[in-house]
Amino acid sequence: TLQTNITEQGKTISPDLIGVFFEDINYAADGGLYAELIQNRSFEYYLVEGYVDLEPLHAWTLVQEGGAEASMVIENTNPLNSSNTKYLALNITNKGTRAGIKNSGFDGLPVALGESYKYSVYLRSQTDFNNPVVVKIKSSVGLVIGTDTIKNISSNWVKYSGEITCTNTSDKATFSIETDGTGTIYIDMVSLFPQNTYKNRENGLRKDLAEAIADLKPRFLRFPGGCISHGRGISNAYRWKETIGDVAERAPNWNLWGYHQTYGLGFYEYFLFCEDIDAIPLPVIPVGVSCQFRNREIVPISEMGPWVEDALDLVEFANGDISTTWGSKRAEMGHPEPFNMEYLCLGNEEDDIPEFRVRFKMIADSLKKYHPEIKIIGTSGTSHSGTNYDGLWQFSTQEQLSAVDEHFYVQPEWLLNNNHRYDNFDRNGPKVFVGEYASWDDLMKNAIAEASFLTGIERNADVVQFTCYAPLLCNENHQQWHPDLIRFNHSNVIKTANYYIQQLFSHYTGDMYFESNLTYEENSNPLESTYFGKIGVATWNTQAQFDDVKVINGDETLVEMDFSSSASNWSALSGSFSISNGSYVQSSANEPAWSIYSLPIESKSYTYTLRAKKTSG
Ligand code: AHR
């Protein structure tokens, strides 16, 4: 029996409770959400000890047909610009039928019959090179399924672009640049995007993945990391200024998860995505202390100036008007209107060491002085299991921060047992941001444990302001972390049970929480029924006038529920249903007074929200 009294004053629920955290891990950005199909487009990959796929010719091979003889080398004597210092020199000594270079994308390029693709490439040639250059999309068996011709190659760098419509479908296509001339041509920034990106943005996002994220209705987007924010060493930190402007002028960096970041999906694109999915931007910037798990480096105090400026300038980039230095850069990129950034997250999981506190404070104090309107979110440290967070919580409270970020990667039992973690949290200090959490595995029981934890969060959503699962995306061929919320390959987006839990809580959320009391008849498994007994919440949505009751069944056996309402001005809310493995049975329902949302997945379904409608008064 779940009893809830919705006539009493409830507790306010944060309007921004469920969001998403995007980090470029598991090829989430390059090779994932970022729709660029060419891998290593600017030949800037470089070797990093212990990491794979980073050599400068990665993903490129030579094309030599019909007796052609050619070579390709990486050069840097006459670069495109000072941040894109390498390019490819293709030297053809014997023309044969044709020679060129070919890119295999991220495990092949997925292209489809009738779809159009926008290509662009920077070329320059020796003065005596007069032959046309042909760009081709070829199927996995080498059939040309799309092509375009570039004539009159200049002896200076020029960007050539066009559109190719494919005459066939291929999941493992290649993109090649070929010619039947002899001599040397220089090639840089080879790009191929589907015409059909999310919201048709230039330099945009893969549509199906962006839609899967949008379908969560996230209230916020935390980005860009995670560990990639503070980096493996200072030179590897994510400095947002390197990720805006013309993509050909963005100096890339290697990714501490073992591959390469083009920064094509950079801060401007993140802000735009927030706008497109109506999510609050929660950017994370580093504070001059690199990742504690990987040979931590610390910026000397005397060199902290640019790190402090990064924070102040980010506020100007996001919110400043177009007469300001950074506001005008945003306008140049196509967005004169401000992005209305309200929050800034400083740091990610740094240890509580004096060096961190001092640097954090330098940035926080400048923000407070020059941008008191910005709410600062701090970090609680590295623990991942809810312990050892006290030091940085106390520091954050002293600093009067707006919220503090906590991370949990834990066994499902931890989430079940910590349902009450926030019941007695200080309501006068910073709010809680559960900025990363997941139960260790992607079995149904893990999703259920997360649902259980979220009921505790809803019950305390006056003090817990934001929560997001992590990591969000995983390219199935390039996994560095497991579990992940959404898995994908070229043609499929696979939503996990954990995804549907996030969606359930995000879609069915109220603005008030009411005390509810769940009692149940003991079944044969005391442990499971304890979990079950703890888990039930009722929330009220003032605007839409309905009540959502979430009940999590942590037991695999059938549970029968009866429900009724004693409120006189409510639709007759009574009925009963049974929750079993994979289905629910509904009886004596009084529709449309109530409805049931169940997980739309084929395996066992255990988690339901009842939605009851107020009919009058
Ligand atoms: O989500 C994966 C990683 O876990 C994040 O980069 C980091 O913040 C945490 O340690």
# chains A, B, ... in the order shown; residues from 1 in each chain; ligands from 1
call {"tool": "residues_near_ligand", "arguments": {"ligand": "ligand 1", "cutoff": "10 Å", "atoms": "only C-alpha atoms and all ligand atoms", "output": "PyMOL selection string"}}
result
chain A and resi 21-26+224-231+256-257+291-293+347-350+381-384+406-409+435-438+469-472+480-484
call {"tool": "residues_around", "arguments": {"residues": "segment 145-156 of chain A", "least_positions_apart": "3", "cutoff": "8 Å", "atoms": "only C-alpha atoms", "output": "JSON, numbers by chain"}}
result
{"A": [123, 124, 125, 126, 127, 129, 130, 131, 132, 133, 134, 135, 136, 137, 138, 139, 160, 162, 163, 164, 165, 166, 167, 168]}
call {"tool": "select_by_dssp", "arguments": {"residues": "segment 38-205 of chain A", "states": "strand (DSSP E)", "output": "PyMOL selection string"}}
result
chain A and resi 60-65+69-75+87-94+98-103+109-111+116-125+133-138+144-150+158-165+170-179+183-194
call {"tool": "write_last_selection", "arguments": {"atoms": "C-alpha atoms", "output": "compact mmCIF listing (two decimals), in the first residue's frame"}}
result
# COMPACT_ATOMS: atom_id res chain seq x y z
CA TRP A 60 44.85 6.97 -44.68
CA THR A 61 46.22 4.68 -47.41
CA LEU A 62 47.73 5.27 -50.79
CA VAL A 63 45.76 4.66 -54.00
CA GLN A 64 47.88 3.46 -56.95
CA GLU A 65 45.97 2.02 -59.88
CA GLU A 69 53.58 5.13 -58.65
CA ALA A 70 53.12 7.58 -55.82
CA SER A 71 54.14 8.32 -52.26
CA MET A 72 52.54 10.18 -49.38
CA VAL A 73 54.39 11.92 -46.58
CA ILE A 74 53.46 14.30 -43.80
CA GLU A 75 55.08 17.73 -44.15
CA TYR A 87 49.55 18.35 -44.13
CA LEU A 88 49.98 15.54 -46.59
CA ALA A 89 52.17 15.76 -49.69
CA LEU A 90 51.11 13.37 -52.44
CA ASN A 91 53.88 12.91 -54.97
CA ILE A 92 52.93 11.06 -58.16
CA THR A 93 55.89 10.01 -60.28
CA ASN A 94 54.09 7.68 -62.66
CA ARG A 98 45.14 7.12 -61.16
CA ALA A 99 46.82 7.80 -57.86
CA GLY A 100 45.67 9.38 -54.65
CA ILE A 101 44.85 8.83 -51.00
CA LYS A 102 41.95 7.08 -49.34
CA ASN A 103 40.38 7.52 -45.90
CA LEU A 109 32.14 5.49 -43.65
CA PRO A 110 28.41 4.76 -43.40
CA VAL A 111 26.67 6.25 -46.46
CA SER A 116 23.83 13.81 -49.81
CA TYR A 117 27.19 14.50 -48.24
CA LYS A 118 29.12 17.75 -48.06
CA TYR A 119 32.82 17.46 -48.66
CA SER A 120 35.55 20.04 -48.32
CA VAL A 121 39.30 19.88 -48.70
CA TYR A 122 42.21 22.31 -48.68
CA LEU A 123 44.52 21.79 -51.65
CA ARG A 124 47.58 23.41 -53.09
CA SER A 125 49.80 22.16 -55.87
CA VAL A 133 41.34 16.14 -58.81
CA VAL A 134 38.41 13.79 -58.31
CA VAL A 135 36.88 13.07 -54.92
CA LYS A 136 35.08 9.75 -54.64
CA ILE A 137 32.95 7.82 -52.21
CA LYS A 138 33.49 4.12 -52.86
CA VAL A 144 32.28 4.42 -57.02
CA ILE A 145 28.93 5.45 -55.51
CA GLY A 146 29.47 9.21 -55.49
CA THR A 147 31.93 11.59 -57.04
CA ASP A 148 32.79 15.23 -57.75
CA THR A 149 35.59 16.97 -59.65
CA ILE A 150 37.83 19.83 -58.55
CA VAL A 158 42.39 27.03 -51.20
CA LYS A 159 39.33 25.37 -49.68
CA TYR A 160 37.34 23.42 -52.26
CA SER A 161 33.91 22.11 -51.38
CA GLY A 162 30.90 20.46 -52.93
CA GLU A 163 28.13 17.98 -52.46
CA ILE A 164 27.95 14.31 -53.38
CA THR A 165 24.76 12.24 -53.51
CA SER A 170 27.50 1.11 -47.89
CA ASP A 171 28.33 0.68 -44.24
CA LYS A 172 32.06 0.61 -44.87
CA ALA A 173 32.66 3.09 -47.64
CA THR A 174 35.89 5.02 -48.22
CA PHE A 175 36.56 8.58 -49.31
CA SER A 176 39.36 9.15 -51.78
CA ILE A 177 41.10 12.05 -53.46
CA GLU A 178 42.53 10.95 -56.79
CA THR A 179 44.08 12.35 -59.94
CA GLY A 183 53.58 15.97 -59.80
CA THR A 184 52.90 16.94 -56.19
CA ILE A 185 49.69 18.08 -54.55
CA TYR A 186 49.34 19.07 -50.93
CA ILE A 187 46.24 18.12 -48.99
CA ASP A 188 44.79 19.21 -45.65
CA MET A 189 41.49 19.32 -43.70
CA VAL A 190 39.62 16.68 -45.66
CA SER A 191 36.04 16.67 -44.44
CA LEU A 192 32.83 14.82 -45.26
CA PHE A 193 29.58 15.42 -43.40
CA PRO A 194 26.11 14.02 -43.98
call {"tool": "atom_distance", "arguments": {"atom1": "atom CA of Asp310 of chain A", "atom2": "atom CA of Val284 of chain A"}}
result
11.4 Å
call {"tool": "residues_around", "arguments": {"residues": "segment 412-429 of chain A", "least_positions_apart": "6", "cutoff": "6 Å", "atoms": "only C-alpha atoms", "output": "list in words"}}
result
Thr397, Ser439, Asn446, Ala449, Phe453 and Gly456 of chain A
call {"tool": "atom_distance", "arguments": {"atom1": "atom CA of Asn319 of chain A", "atom2": "atom CA of Met341 of chain A"}}
result
6.4 Å
call {"tool": "atom_distance", "arguments": {"atom1": "atom CA of Thr243 of chain A", "atom2": "atom CA of Val48 of chain A"}}
result
20.7 Å
call {"tool": "residues_around", "arguments": {"residues": "Leu392 of chain A", "least_positions_apart": "6", "cutoff": "7 Å", "atoms": "only C-alpha atoms", "output": "ChimeraX atom specification"}}
result
/A:352,379-381
call {"tool": "closest_residue", "arguments": {"among": "A:Asn236, A:Tyr263, A:Asp246, A:Glu342", "to": "Asn295 of chain A", "atoms": "only C-alpha atoms"}}
result
A:Asn236
